[in-house]
Amino acid sequence: MIYGAWICLLSPLVAAGLITLGGRRLSRRDAGYLATLSCFVAFGGAVATFIGLLGRDAHDRRIVSTAWTWLSGGSYRSGLEVMIDPLSVFMMLVVAGVGALIVGYSIGYMDGDPEERRYFAYMAVFVFSMLLLVQGGNLLLLLAGWGMVGLSSYLLIGFWHDRPSAIAAAKKAFVMNAIGDATMALAFFLLIKQAGSLEFGILGGAYSSTTANLVALGLLVGAVAKSAQLPLQTWLPDAMEGPTPVSALIHAATMVTAGVYLIVRTHAIFESAPKVADLAAGLGAGTLLLAGLIALVQIDIKRVIAYSTMSQIGYMFLGAGLGAYANGMFHLMTHAFFKALLFMAAGIVIHALAGEQDMRKMGGLRQFMPRTCWAFLVGSLALVGIFPFAGFFSKDSILAAAMERGTYGYVLWIVGLAGTFLTGLYTFRLLFLVFWGEPSAFVREHFHAIKRDVVGVSMASTVALLTVLSLIGGWLQFAPLWHPVETWLQTVAEPVVTPTSWQEGISSALAVVLGLAGIYVAWLVYGARRVTVPHFAFAQRTLEHKFYFDELYDALFYRPAVRIAHACRRWIEEPLISDSGRELGEDTRDVGGLVARVQTGLLRTYALAIASSVAVLAIVFVAVK
Amino acid sequence: MLGPSIAWYLSVAGFLFGTGALGVLLRRNPLIVLLSLEIMLNSSNLALIGFARHFGNGDGQIFALAVMAVAASEVVVGLGLIVALNRKRVTLDVDRLNTLRG
């Protein structure tokens with residue numbers, strides 16, 4: 001079982017290394033096969049670990065396997081260790097499983113791209129980094145994985161590096177992630193000072209409330225940055241510049257959910273700092289509303305799904321912040337299924353329309369790609385949370401948990417319900433605009449079906465598998481009746497709130513009703529086109545500008561930074577550094593010129609010099625004597 | 001000891017040395033400069049001989065012979081240079097020969 005965990009962790013890294021070293025000796029298709037194989041091997045390792053843990057008693061499920069002592073300085077020791085416990089195995093299964101499917105899908109999607117090998121190497125590095133994050137045996141390794149997924153995200157968003165928009169988006173993502181990395185590092189410094197190590201066990205220790213609040217805040221900012229929540233959410237829509245499988249894997253299923261994982265993993269310190277936990281829940285609620293509103297006016301397929309991701313992670317933060325850890329993690333799992341499905345189906349649509357992503361040009365694709373439409377429909381229903389699809393079971397439990405927390409909880413509950421309505425609205429707006437109605441002129445002209453070769457099969461089979469998972473995945477936990485997920489995670493993260501069956505029922509009923517209402521409104525406006533949206537210019541402008549966050553950050557941070565950089569260059573770098581080098585050379589040459597004047601070329605000058613020196617020496621000699 | 005005291009020898013040698021030095025510094029013809037240089041060398045020879053007579057041993061005389069050998073070789077080289085200059089029709093004026101300058 002320990003071998004399983006190490007194989008799971010290292011297999012994608014080995015694949016990345018082989019692809020890098022193989023270079024042109026590997027065909028592009030083979031690089032794809034290698035990467036996919038490694039992810040399936042990783043999944044196998046995760047399953048083996050899971051089975052191994054199942055065989056143990058519930059309270060004996062925490063194993064730390066150390067390879068060697070990695071860092072030691074003073075009294076601080078840190079090993080290269082892998083943690084095998086229910087939470088990490090849960091994440092391993094999700095990451096490796098969904099990752100394998102998406103990398104397999106990429107074989108079809110990225111076929112023909114001249115830099116395909118680099119892509120698969122980066123994807124393998126990403127899967128390794130994400131597994132390191134979830135399997136890291138101490139906070140330091142978690143941070144290492146954290147940084148590396150940020151790096152992989154930067155590399156993959158900017159994969160098509162001749163597009164300036166892609167490069168700008170990659171930089172933006174990385175810089176905003178770096179803010180989170182910095183605050184997390186500060187939190188860790190504080191922990192080392194107070195507790196002397198970064199093992200997971202220290203999080204449950206007794207700290208002064210200032211320390212606990214600061215550490216939790218640092219961790220929260222890190223999670224907010226990584227998961228694109230308010231106020232650090234601006235990088236996620238821009239990240240859609242990367243290839244669609246990248247959006248599916250990194251910006252939907254796994255990396256952006258790392259923030260939720262972090263909060264659940266370090267829940268002990270959040271429980272010691274309840275105000276910060278409430279802040280987390282509040283930020284999640286705010287984000288889900290904000291993202292839902294912005295998604296209503298987007299015209300790019302991928303951006304709608306991106307905002308939907310932002311919104312759903314808001315739900316997960318809501319759950320984790322309130323203390324409903326198992327619910328949050330369960331929603332993470334089902335979300336991985338249907339969100340990856342939606343992205344991949346959208347990728348098939350984009351491929352069929354030769355790269356077009358503007359929804360206004362689409363319409364009526366149902367007639368051309370019926371199965372993709374079905375897959376999209378399943379994914380959308382799962383997203384909105386309609387029974388019996390996956391989202392119903394996970395999302396509604398989070399809402400129910402919000403009812404347990406007094407007035408603040410009820411406010412969050414109402415926000416969550418409003419979000420359900422918005423989810424139904426924007427998701428089915430997307431579906432109807434793309435697939436319903438009469439085929440638009442653009443579609444008729446540009447549509448070409450995907451052939452039934454390896455490309456087509458790889459894309460179709462992985463999407464089909466995810467459709468099945470979105471259909472049945474939710475049945476894993478039906479909160480009032482059976483909850484294996486909660487039981488599984490109980491030894492790691494005991495839920496703080498457990499809603500009653502009555503609360504669960506009310507929440508579910510309301511959520512489903514609101515979701516259906518959203519779908520109905522979308523049908524009226526975009527499907528049957530019986531109602532037109534009233535045009536509020538102010539609201540339209542605000543939503544299209546994404547609540548002006550980009551402009552705000554531009555004015556607050558970017559422009560002052562640019563001004564400071566220019567001032568530094570003008571007042572410090574040029575005079576002190578570049579000019580001084582040049583002036584040093586010039587001055588040396590001038591002095592040399594002065595000295596050269598001694599050499600007149602005239603014999604008598606030299607003779608005079610010798611004679612006078614001798615005279616001086618003689619006088620000095622005599623005087624000293 | 002018969003004859004003049006060493007002071008006379010040294011003063012003649014000094015006078016000769018000064019004359020030679022002035023000639024080296026002030027004359028323009030390189031041939032005359034070489035000649036003045038010879039005078040200076042001979043003055044030092046005279047001083048050496050004087051001291052040899054004063055102390056009664058032959059050290060100064062031996063050293064004077066060595067100095068004469070050096071002076072002879074030096075004159076060979078110098079005269080060779082001047083003859084070469086003359087053959088090239090270059091003006092023999094040390095004030096004008098300043099192309100080797102910095």
# chains A, B, ... in the order shown; residues from 1 in each chain; ligands from 1
call {"tool": "closest_atom_pairs", "arguments": {"of": "chain B", "to": "chain A", "cutoff": "9 Å", "atoms": "only C-alpha atoms", "output": "JSON lines"}}
result
{"residue": "B:Ala21", "atom": "CA", "partner": "A:Ala611", "partner_atom": "CA", "distance": 8.1}
{"residue": "B:Val24", "atom": "CA", "partner": "A:Ala607", "partner_atom": "CA", "distance": 7.5}
{"residue": "B:Leu25", "atom": "CA", "partner": "A:Arg604", "partner_atom": "CA", "distance": 5.5}
{"residue": "B:Leu26", "atom": "CA", "partner": "A:Arg604", "partner_atom": "CA", "distance": 7.5}
{"residue": "B:Arg27", "atom": "CA", "partner": "A:Arg604", "partner_atom": "CA", "distance": 8.9}
{"residue": "B:Arg28", "atom": "CA", "partner": "A:Arg604", "partner_atom": "CA", "distance": 8.9}
{"residue": "B:Val94", "atom": "CA", "partner": "A:Leu603", "partner_atom": "CA", "distance": 6.2}
{"residue": "B:Asp95", "atom": "CA", "partner": "A:Leu602", "partner_atom": "CA", "distance": 5.8}
{"residue": "B:Arg96", "atom": "CA", "partner": "A:Leu602", "partner_atom": "CA", "distance": 7.4}
{"residue": "B:Leu97", "atom": "CA", "partner": "A:Leu602", "partner_atom": "CA", "distance": 6.5}
{"residue": "B:Asn98", "atom": "CA", "partner": "A:Gly601", "partner_atom": "CA", "distance": 3.9}
{"residue": "B:Thr99", "atom": "CA", "partner": "A:Gly601", "partner_atom": "CA", "distance": 5.9}
{"residue": "B:Leu100", "atom": "CA", "partner": "A:Gly601", "partner_atom": "CA", "distance": 5.1}
{"residue": "B:Arg101", "atom": "CA", "partner": "A:Gly601", "partner_atom": "CA", "distance": 4.1}
{"residue": "B:Gly102", "atom": "CA", "partner": "A:Gln599", "partner_atom": "CA", "distance": 4.9}
call {"tool": "atom_distance", "arguments": {"atom1": "CA of Arg118 in chain A", "atom2": "CA of Leu34 in chain A"}}
result
12.6 Å
call {"tool": "atom_distance", "arguments": {"atom1": "CA of Gly527 in chain A", "atom2": "CA of Leu431 in chain A"}}
result
8.8 Å
call {"tool": "atom_distance", "arguments": {"atom1": "CA of Glu583 in chain A", "atom2": "CA of Ile564 in chain A"}}
result
25.6 Å
call {"tool": "residues_around", "arguments": {"residues": "Ala64 in chain B", "least_positions_apart": "6", "cutoff": "10 Å", "atoms": "only C-alpha atoms", "output": "PyMOL selection string"}}
result
chain B and resi 41-42+44-49+52+58+70
call {"tool": "select_by_dssp", "arguments": {"residues": "range 425-501 of chain A", "states": "alpha helix (DSSP H)", "output": "VMD selection string"}}
result
chain A and resid 425 to 435 441 to 446 454 to 472 484 to 489 501
call {"tool": "write_last_selection", "arguments": {"atoms": "N, CA and C atoms", "output": "compact mmCIF listing (two decimals), in the first residue's frame"}}
result
# COMPACT_ATOMS: atom_id res chain seq x y z
N LEU A 425 -29.75 29.54 -14.58
CA LEU A 425 -29.93 30.51 -15.65
C LEU A 425 -28.74 30.53 -16.60
N TYR A 426 -27.53 30.71 -16.06
CA TYR A 426 -26.42 30.89 -16.99
C TYR A 426 -26.02 29.59 -17.68
N THR A 427 -26.17 28.46 -16.92
CA THR A 427 -25.79 27.20 -17.55
C THR A 427 -26.67 26.89 -18.74
N PHE A 428 -27.99 27.04 -18.54
CA PHE A 428 -28.86 26.69 -19.66
C PHE A 428 -28.89 27.78 -20.71
N ARG A 429 -28.54 29.01 -20.34
CA ARG A 429 -28.31 30.03 -21.39
C ARG A 429 -27.26 29.52 -22.35
N LEU A 430 -26.17 29.00 -21.76
CA LEU A 430 -25.08 28.46 -22.56
C LEU A 430 -25.58 27.33 -23.44
N LEU A 431 -26.29 26.38 -22.82
CA LEU A 431 -26.75 25.21 -23.57
C LEU A 431 -27.66 25.62 -24.72
N PHE A 432 -28.64 26.48 -24.45
CA PHE A 432 -29.60 26.84 -25.48
C PHE A 432 -28.94 27.65 -26.59
N LEU A 433 -28.05 28.59 -26.20
CA LEU A 433 -27.42 29.40 -27.22
C LEU A 433 -26.59 28.57 -28.17
N VAL A 434 -25.91 27.54 -27.61
CA VAL A 434 -24.99 26.77 -28.45
C VAL A 434 -25.73 25.68 -29.24
N PHE A 435 -26.62 24.98 -28.54
CA PHE A 435 -27.15 23.77 -29.16
C PHE A 435 -28.55 23.89 -29.72
N ALA A 441 -25.69 30.62 -39.57
CA ALA A 441 -24.95 30.60 -40.84
C ALA A 441 -23.51 30.16 -40.62
N PHE A 442 -22.93 30.68 -39.55
CA PHE A 442 -21.55 30.32 -39.24
C PHE A 442 -21.39 28.82 -39.08
N VAL A 443 -22.35 28.21 -38.36
CA VAL A 443 -22.27 26.78 -38.10
C VAL A 443 -22.35 26.00 -39.41
N ARG A 444 -23.27 26.41 -40.25
CA ARG A 444 -23.45 25.68 -41.51
C ARG A 444 -22.19 25.72 -42.34
N GLU A 445 -21.53 26.86 -42.26
CA GLU A 445 -20.35 27.04 -43.11
C GLU A 445 -19.14 26.30 -42.56
N HIS A 446 -18.96 26.33 -41.24
CA HIS A 446 -17.68 25.90 -40.68
C HIS A 446 -17.70 24.55 -40.01
N VAL A 454 -8.24 7.72 -33.93
CA VAL A 454 -7.77 7.80 -32.52
C VAL A 454 -8.21 9.10 -31.89
N VAL A 455 -8.12 10.18 -32.68
CA VAL A 455 -8.50 11.50 -32.16
C VAL A 455 -9.92 11.46 -31.65
N GLY A 456 -10.81 11.02 -32.55
CA GLY A 456 -12.22 11.01 -32.19
C GLY A 456 -12.51 10.08 -31.03
N VAL A 457 -11.91 8.89 -31.09
CA VAL A 457 -12.20 7.90 -30.05
C VAL A 457 -11.71 8.39 -28.70
N SER A 458 -10.51 8.98 -28.68
CA SER A 458 -9.99 9.42 -27.38
C SER A 458 -10.88 10.48 -26.77
N MET A 459 -11.36 11.39 -27.61
CA MET A 459 -12.20 12.46 -27.06
C MET A 459 -13.56 11.90 -26.66
N ALA A 460 -14.13 11.04 -27.54
CA ALA A 460 -15.48 10.59 -27.25
C ALA A 460 -15.53 9.68 -26.03
N SER A 461 -14.56 8.78 -25.93
CA SER A 461 -14.66 7.80 -24.84
C SER A 461 -14.48 8.45 -23.48
N THR A 462 -13.54 9.41 -23.39
CA THR A 462 -13.32 10.04 -22.09
C THR A 462 -14.51 10.89 -21.69
N VAL A 463 -15.10 11.56 -22.70
CA VAL A 463 -16.28 12.37 -22.38
C VAL A 463 -17.42 11.44 -21.94
N ALA A 464 -17.54 10.31 -22.63
CA ALA A 464 -18.62 9.38 -22.27
C ALA A 464 -18.44 8.88 -20.84
N LEU A 465 -17.20 8.57 -20.48
CA LEU A 465 -16.95 8.07 -19.12
C LEU A 465 -17.33 9.11 -18.08
N LEU A 466 -16.95 10.36 -18.37
CA LEU A 466 -17.29 11.41 -17.41
C LEU A 466 -18.78 11.65 -17.35
N THR A 467 -19.47 11.45 -18.47
CA THR A 467 -20.93 11.60 -18.44
C THR A 467 -21.53 10.58 -17.49
N VAL A 468 -21.06 9.35 -17.61
CA VAL A 468 -21.56 8.32 -16.71
C VAL A 468 -21.30 8.68 -15.26
N LEU A 469 -20.06 9.17 -14.99
CA LEU A 469 -19.73 9.54 -13.62
C LEU A 469 -20.60 10.68 -13.12
N SER A 470 -20.90 11.64 -14.03
CA SER A 470 -21.76 12.74 -13.59
C SER A 470 -23.16 12.24 -13.30
N LEU A 471 -23.54 11.18 -13.99
CA LEU A 471 -24.87 10.63 -13.76
C LEU A 471 -24.95 9.92 -12.42
N ILE A 472 -23.96 9.04 -12.19
CA ILE A 472 -24.09 8.17 -11.02
C ILE A 472 -23.20 8.58 -9.86
N PRO A 484 -21.19 7.51 3.11
CA PRO A 484 -19.86 6.92 3.23
C PRO A 484 -18.73 7.94 3.14
N VAL A 485 -18.92 9.01 2.37
CA VAL A 485 -17.84 9.99 2.25
C VAL A 485 -17.57 10.63 3.61
N GLU A 486 -18.67 10.97 4.31
CA GLU A 486 -18.48 11.63 5.59
C GLU A 486 -17.81 10.68 6.57
N THR A 487 -18.25 9.42 6.54
CA THR A 487 -17.64 8.45 7.44
C THR A 487 -16.18 8.24 7.11
N TRP A 488 -15.90 8.22 5.83
CA TRP A 488 -14.51 8.00 5.40
C TRP A 488 -13.61 9.12 5.90
N LEU A 489 -14.11 10.33 5.79
CA LEU A 489 -13.26 11.48 6.12
C LEU A 489 -13.34 11.85 7.59
N SER A 501 -32.07 16.00 9.09
CA SER A 501 -32.73 15.55 7.86
C SER A 501 -33.73 16.57 7.38
call {"tool": "residues_around", "arguments": {"residues": "Phe549 in chain A", "least_positions_apart": "2", "cutoff": "12 Å", "atoms": "only C-alpha atoms", "output": "list in words"}}
result
Leu230, Pro231, Leu232, Gln233, Thr234, Trp235, Leu290, Ile294, Thr542, Leu543, Glu544, His545, Lys546, Phe547, Glu551, Leu552, Tyr553, Asp554, Ala555, Leu556 and Phe557 of chain A
call {"tool": "write_last_selection", "arguments": {"atoms": "C-alpha atoms", "output": "PDB file, in the first residue's frame"}}
result
ATOM      1  CA  LEU A 230     -12.888  37.099  -4.072  1.00  0.00           C
ATOM      2  CA  PRO A 231     -10.817  39.291  -4.092  1.00  0.00           C
ATOM      3  CA  LEU A 232      -8.151  37.437  -6.069  1.00  0.00           C
ATOM      4  CA  GLN A 233     -10.413  35.991  -8.709  1.00  0.00           C
ATOM      5  CA  THR A 234      -9.412  38.017 -11.746  1.00  0.00           C
ATOM      6  CA  TRP A 235      -6.904  35.550 -13.135  1.00  0.00           C
ATOM      7  CA  LEU A 290     -20.475  37.567  -8.167  1.00  0.00           C
ATOM      8  CA  ILE A 294     -20.895  37.862 -14.440  1.00  0.00           C
ATOM      9  CA  THR A 542     -20.855  46.542 -14.833  1.00  0.00           C
ATOM     10  CA  LEU A 543     -21.248  42.856 -15.533  1.00  0.00           C
ATOM     11  CA  GLU A 544     -19.340  43.023 -18.761  1.00  0.00           C
ATOM     12  CA  HIS A 545     -16.497  44.729 -16.958  1.00  0.00           C
ATOM     13  CA  LYS A 546     -16.623  42.018 -14.313  1.00  0.00           C
ATOM     14  CA  PHE A 547     -17.518  44.487 -11.588  1.00  0.00           C
ATOM     15  CA  GLU A 551      -9.652  48.242 -13.559  1.00  0.00           C
ATOM     16  CA  LEU A 552      -9.382  48.585  -9.795  1.00  0.00           C
ATOM     17  CA  TYR A 553      -6.308  46.385  -9.527  1.00  0.00           C
ATOM     18  CA  ASP A 554      -4.823  48.097 -12.528  1.00  0.00           C
ATOM     19  CA  ALA A 555      -5.114  51.487 -10.842  1.00  0.00           C
ATOM     20  CA  LEU A 556      -4.163  50.296  -7.355  1.00  0.00           C
ATOM     21  CA  PHE A 557      -1.255  48.045  -8.079  1.00  0.00           C
TER      22      PHE A 557
END
call {"tool": "closest_residue", "arguments": {"among": "A:Leu262, A:Ala539, A:Met344, A:Ala511", "to": "Ala418 in chain A", "atoms": "only C-alpha atoms"}}
result
A:Ala511
call {"tool": "residues_around", "arguments": {"residues": "Leu81 in chain B", "least_positions_apart": "3", "cutoff": "12 Å", "atoms": "only C-alpha atoms", "output": "PyMOL selection string"}}
result
chain B and resi 30-31+34+74-78+84-88+90+92
call {"tool": "residues_around", "arguments": {"residues": "range 380-390 of chain A", "least_positions_apart": "5", "cutoff": "6 Å", "atoms": "only C-alpha atoms", "output": "JSON, numbers by chain"}}
result
{"A": [334, 423, 424, 470, 471, 473, 474, 512, 515]}
call {"tool": "write_last_selection", "arguments": {"atoms": "C-alpha atoms", "output": "JSON list (two decimals), in the first residue's frame"}}
result
[["chain", "number", "residue", "atom", "x", "y", "z"],
["A", 334, "THR", "CA", -18.69, 15.66, -8.17],
["A", 423, "THR", "CA", -26.52, 28.66, -11.95],
["A", 424, "GLY", "CA", -29.59, 27.31, -13.67],
["A", 470, "SER", "CA", -21.76, 12.74, -13.59],
["A", 471, "LEU", "CA", -24.87, 10.63, -13.76],
["A", 473, "GLY", "CA", -21.28, 9.79, -9.06],
["A", 474, "GLY", "CA", -23.60, 11.67, -6.82],
["A", 512, "VAL", "CA", -34.09, 22.21, -6.94],
["A", 515, "GLY", "CA", -32.60, 25.64, -10.22]]
call {"tool": "decode", "arguments": {"residues": "range 17-54 of chain B", "atoms": "N, CA and C atoms", "output": "PDB file, in the first residue's frame"}}
result
ATOM      1  N   PHE B  17      82.752  64.931 -14.601  1.00  0.00           N
ATOM      2  CA  PHE B  17      81.395  64.374 -14.595  1.00  0.00           C
ATOM      3  C   PHE B  17      80.356  65.445 -14.901  1.00  0.00           C
ATOM      4  N   GLY B  18      80.495  66.622 -14.247  1.00  0.00           N
ATOM      5  CA  GLY B  18      79.566  67.715 -14.498  1.00  0.00           C
ATOM      6  C   GLY B  18      79.605  68.159 -15.940  1.00  0.00           C
ATOM      7  N   THR B  19      80.825  68.278 -16.474  1.00  0.00           N
ATOM      8  CA  THR B  19      80.936  68.680 -17.875  1.00  0.00           C
ATOM      9  C   THR B  19      80.227  67.689 -18.790  1.00  0.00           C
ATOM     10  N   GLY B  20      80.502  66.411 -18.503  1.00  0.00           N
ATOM     11  CA  GLY B  20      79.852  65.385 -19.329  1.00  0.00           C
ATOM     12  C   GLY B  20      78.345  65.454 -19.210  1.00  0.00           C
ATOM     13  N   ALA B  21      77.837  65.626 -17.958  1.00  0.00           N
ATOM     14  CA  ALA B  21      76.390  65.692 -17.761  1.00  0.00           C
ATOM     15  C   ALA B  21      75.793  66.855 -18.519  1.00  0.00           C
ATOM     16  N   LEU B  22      76.403  67.998 -18.414  1.00  0.00           N
ATOM     17  CA  LEU B  22      75.904  69.159 -19.140  1.00  0.00           C
ATOM     18  C   LEU B  22      75.886  68.908 -20.634  1.00  0.00           C
ATOM     19  N   GLY B  23      76.941  68.260 -21.102  1.00  0.00           N
ATOM     20  CA  GLY B  23      76.981  67.949 -22.534  1.00  0.00           C
ATOM     21  C   GLY B  23      75.849  67.045 -22.945  1.00  0.00           C
ATOM     22  N   VAL B  24      75.564  65.986 -22.119  1.00  0.00           N
ATOM     23  CA  VAL B  24      74.455  65.061 -22.448  1.00  0.00           C
ATOM     24  C   VAL B  24      73.139  65.804 -22.497  1.00  0.00           C
ATOM     25  N   LEU B  25      72.943  66.733 -21.534  1.00  0.00           N
ATOM     26  CA  LEU B  25      71.643  67.395 -21.455  1.00  0.00           C
ATOM     27  C   LEU B  25      71.481  68.498 -22.493  1.00  0.00           C
ATOM     28  N   LEU B  26      72.569  69.168 -22.840  1.00  0.00           N
ATOM     29  CA  LEU B  26      72.411  70.398 -23.594  1.00  0.00           C
ATOM     30  C   LEU B  26      72.778  70.321 -25.072  1.00  0.00           C
ATOM     31  N   ARG B  27      73.551  69.348 -25.488  1.00  0.00           N
ATOM     32  CA  ARG B  27      74.000  69.345 -26.883  1.00  0.00           C
ATOM     33  C   ARG B  27      72.992  68.667 -27.777  1.00  0.00           C
ATOM     34  N   ARG B  28      72.937  69.061 -29.010  1.00  0.00           N
ATOM     35  CA  ARG B  28      71.925  68.544 -29.927  1.00  0.00           C
ATOM     36  C   ARG B  28      72.426  67.405 -30.786  1.00  0.00           C
ATOM     37  N   ASN B  29      73.664  67.382 -31.113  1.00  0.00           N
ATOM     38  CA  ASN B  29      74.176  66.335 -31.985  1.00  0.00           C
ATOM     39  C   ASN B  29      74.355  65.052 -31.199  1.00  0.00           C
ATOM     40  N   PRO B  30      73.726  63.930 -31.636  1.00  0.00           N
ATOM     41  CA  PRO B  30      73.847  62.685 -30.859  1.00  0.00           C
ATOM     42  C   PRO B  30      75.285  62.216 -30.717  1.00  0.00           C
ATOM     43  N   LEU B  31      76.116  62.554 -31.682  1.00  0.00           N
ATOM     44  CA  LEU B  31      77.526  62.167 -31.582  1.00  0.00           C
ATOM     45  C   LEU B  31      78.185  62.853 -30.398  1.00  0.00           C
ATOM     46  N   ILE B  32      77.891  64.154 -30.253  1.00  0.00           N
ATOM     47  CA  ILE B  32      78.446  64.882 -29.117  1.00  0.00           C
ATOM     48  C   ILE B  32      77.884  64.357 -27.809  1.00  0.00           C
ATOM     49  N   VAL B  33      76.590  63.962 -27.824  1.00  0.00           N
ATOM     50  CA  VAL B  33      75.991  63.400 -26.604  1.00  0.00           C
ATOM     51  C   VAL B  33      76.748  62.152 -26.207  1.00  0.00           C
ATOM     52  N   LEU B  34      77.040  61.307 -27.172  1.00  0.00           N
ATOM     53  CA  LEU B  34      77.809  60.089 -26.871  1.00  0.00           C
ATOM     54  C   LEU B  34      79.187  60.446 -26.323  1.00  0.00           C
ATOM     55  N   LEU B  35      79.799  61.439 -26.911  1.00  0.00           N
ATOM     56  CA  LEU B  35      81.121  61.867 -26.466  1.00  0.00           C
ATOM     57  C   LEU B  35      81.067  62.322 -25.021  1.00  0.00           C
ATOM     58  N   SER B  36      80.029  63.101 -24.693  1.00  0.00           N
ATOM     59  CA  SER B  36      79.877  63.572 -23.311  1.00  0.00           C
ATOM     60  C   SER B  36      79.677  62.408 -22.371  1.00  0.00           C
ATOM     61  N   LEU B  37      78.905  61.434 -22.844  1.00  0.00           N
ATOM     62  CA  LEU B  37      78.695  60.232 -22.034  1.00  0.00           C
ATOM     63  C   LEU B  37      80.025  59.559 -21.748  1.00  0.00           C
ATOM     64  N   GLU B  38      80.912  59.530 -22.760  1.00  0.00           N
ATOM     65  CA  GLU B  38      82.242  58.938 -22.567  1.00  0.00           C
ATOM     66  C   GLU B  38      83.035  59.695 -21.522  1.00  0.00           C
ATOM     67  N   ILE B  39      82.917  61.018 -21.583  1.00  0.00           N
ATOM     68  CA  ILE B  39      83.633  61.830 -20.584  1.00  0.00           C
ATOM     69  C   ILE B  39      83.183  61.461 -19.176  1.00  0.00           C
ATOM     70  N   MET B  40      81.824  61.294 -19.036  1.00  0.00           N
ATOM     71  CA  MET B  40      81.303  60.936 -17.712  1.00  0.00           C
ATOM     72  C   MET B  40      81.870  59.599 -17.242  1.00  0.00           C
ATOM     73  N   LEU B  41      81.920  58.627 -18.180  1.00  0.00           N
ATOM     74  CA  LEU B  41      82.439  57.305 -17.800  1.00  0.00           C
ATOM     75  C   LEU B  41      83.902  57.417 -17.384  1.00  0.00           C
ATOM     76  N   ASN B  42      84.644  58.207 -18.138  1.00  0.00           N
ATOM     77  CA  ASN B  42      86.062  58.361 -17.796  1.00  0.00           C
ATOM     78  C   ASN B  42      86.251  59.039 -16.459  1.00  0.00           C
ATOM     79  N   SER B  43      85.333  59.945 -16.142  1.00  0.00           N
ATOM     80  CA  SER B  43      85.468  60.614 -14.837  1.00  0.00           C
ATOM     81  C   SER B  43      85.277  59.608 -13.723  1.00  0.00           C
ATOM     82  N   SER B  44      84.323  58.696 -13.906  1.00  0.00           N
ATOM     83  CA  SER B  44      84.127  57.700 -12.838  1.00  0.00           C
ATOM     84  C   SER B  44      85.333  56.781 -12.765  1.00  0.00           C
ATOM     85  N   ASN B  45      85.942  56.497 -13.913  1.00  0.00           N
ATOM     86  CA  ASN B  45      87.175  55.697 -13.912  1.00  0.00           C
ATOM     87  C   ASN B  45      88.249  56.385 -13.087  1.00  0.00           C
ATOM     88  N   LEU B  46      88.383  57.680 -13.294  1.00  0.00           N
ATOM     89  CA  LEU B  46      89.405  58.441 -12.569  1.00  0.00           C
ATOM     90  C   LEU B  46      89.183  58.362 -11.071  1.00  0.00           C
ATOM     91  N   ALA B  47      87.927  58.479 -10.681  1.00  0.00           N
ATOM     92  CA  ALA B  47      87.611  58.399  -9.249  1.00  0.00           C
ATOM     93  C   ALA B  47      88.007  57.035  -8.692  1.00  0.00           C
ATOM     94  N   LEU B  48      87.707  56.008  -9.470  1.00  0.00           N
ATOM     95  CA  LEU B  48      88.053  54.660  -9.023  1.00  0.00           C
ATOM     96  C   LEU B  48      89.560  54.523  -8.834  1.00  0.00           C
ATOM     97  N   ILE B  49      90.318  54.985  -9.781  1.00  0.00           N
ATOM     98  CA  ILE B  49      91.788  54.878  -9.674  1.00  0.00           C
ATOM     99  C   ILE B  49      92.302  55.658  -8.453  1.00  0.00           C
ATOM    100  N   GLY B  50      91.733  56.831  -8.255  1.00  0.00           N
ATOM    101  CA  GLY B  50      92.141  57.640  -7.114  1.00  0.00           C
ATOM    102  C   GLY B  50      91.952  56.884  -5.811  1.00  0.00           C
ATOM    103  N   PHE B  51      90.786  56.248  -5.702  1.00  0.00           N
ATOM    104  CA  PHE B  51      90.509  55.516  -4.464  1.00  0.00           C
ATOM    105  C   PHE B  51      91.418  54.325  -4.321  1.00  0.00           C
ATOM    106  N   ALA B  52      91.720  53.693  -5.482  1.00  0.00           N
ATOM    107  CA  ALA B  52      92.652  52.554  -5.415  1.00  0.00           C
ATOM    108  C   ALA B  52      94.015  52.997  -4.870  1.00  0.00           C
ATOM    109  N   ARG B  53      94.477  54.152  -5.296  1.00  0.00           N
ATOM    110  CA  ARG B  53      95.769  54.690  -4.825  1.00  0.00           C
ATOM    111  C   ARG B  53      95.696  55.034  -3.349  1.00  0.00           C
ATOM    112  N   HIS B  54      94.501  55.555  -2.953  1.00  0.00           N
ATOM    113  CA  HIS B  54      94.346  55.994  -1.563  1.00  0.00           C
ATOM    114  C   HIS B  54      94.335  54.812  -0.606  1.00  0.00           C
TER     115      HIS B  54
END
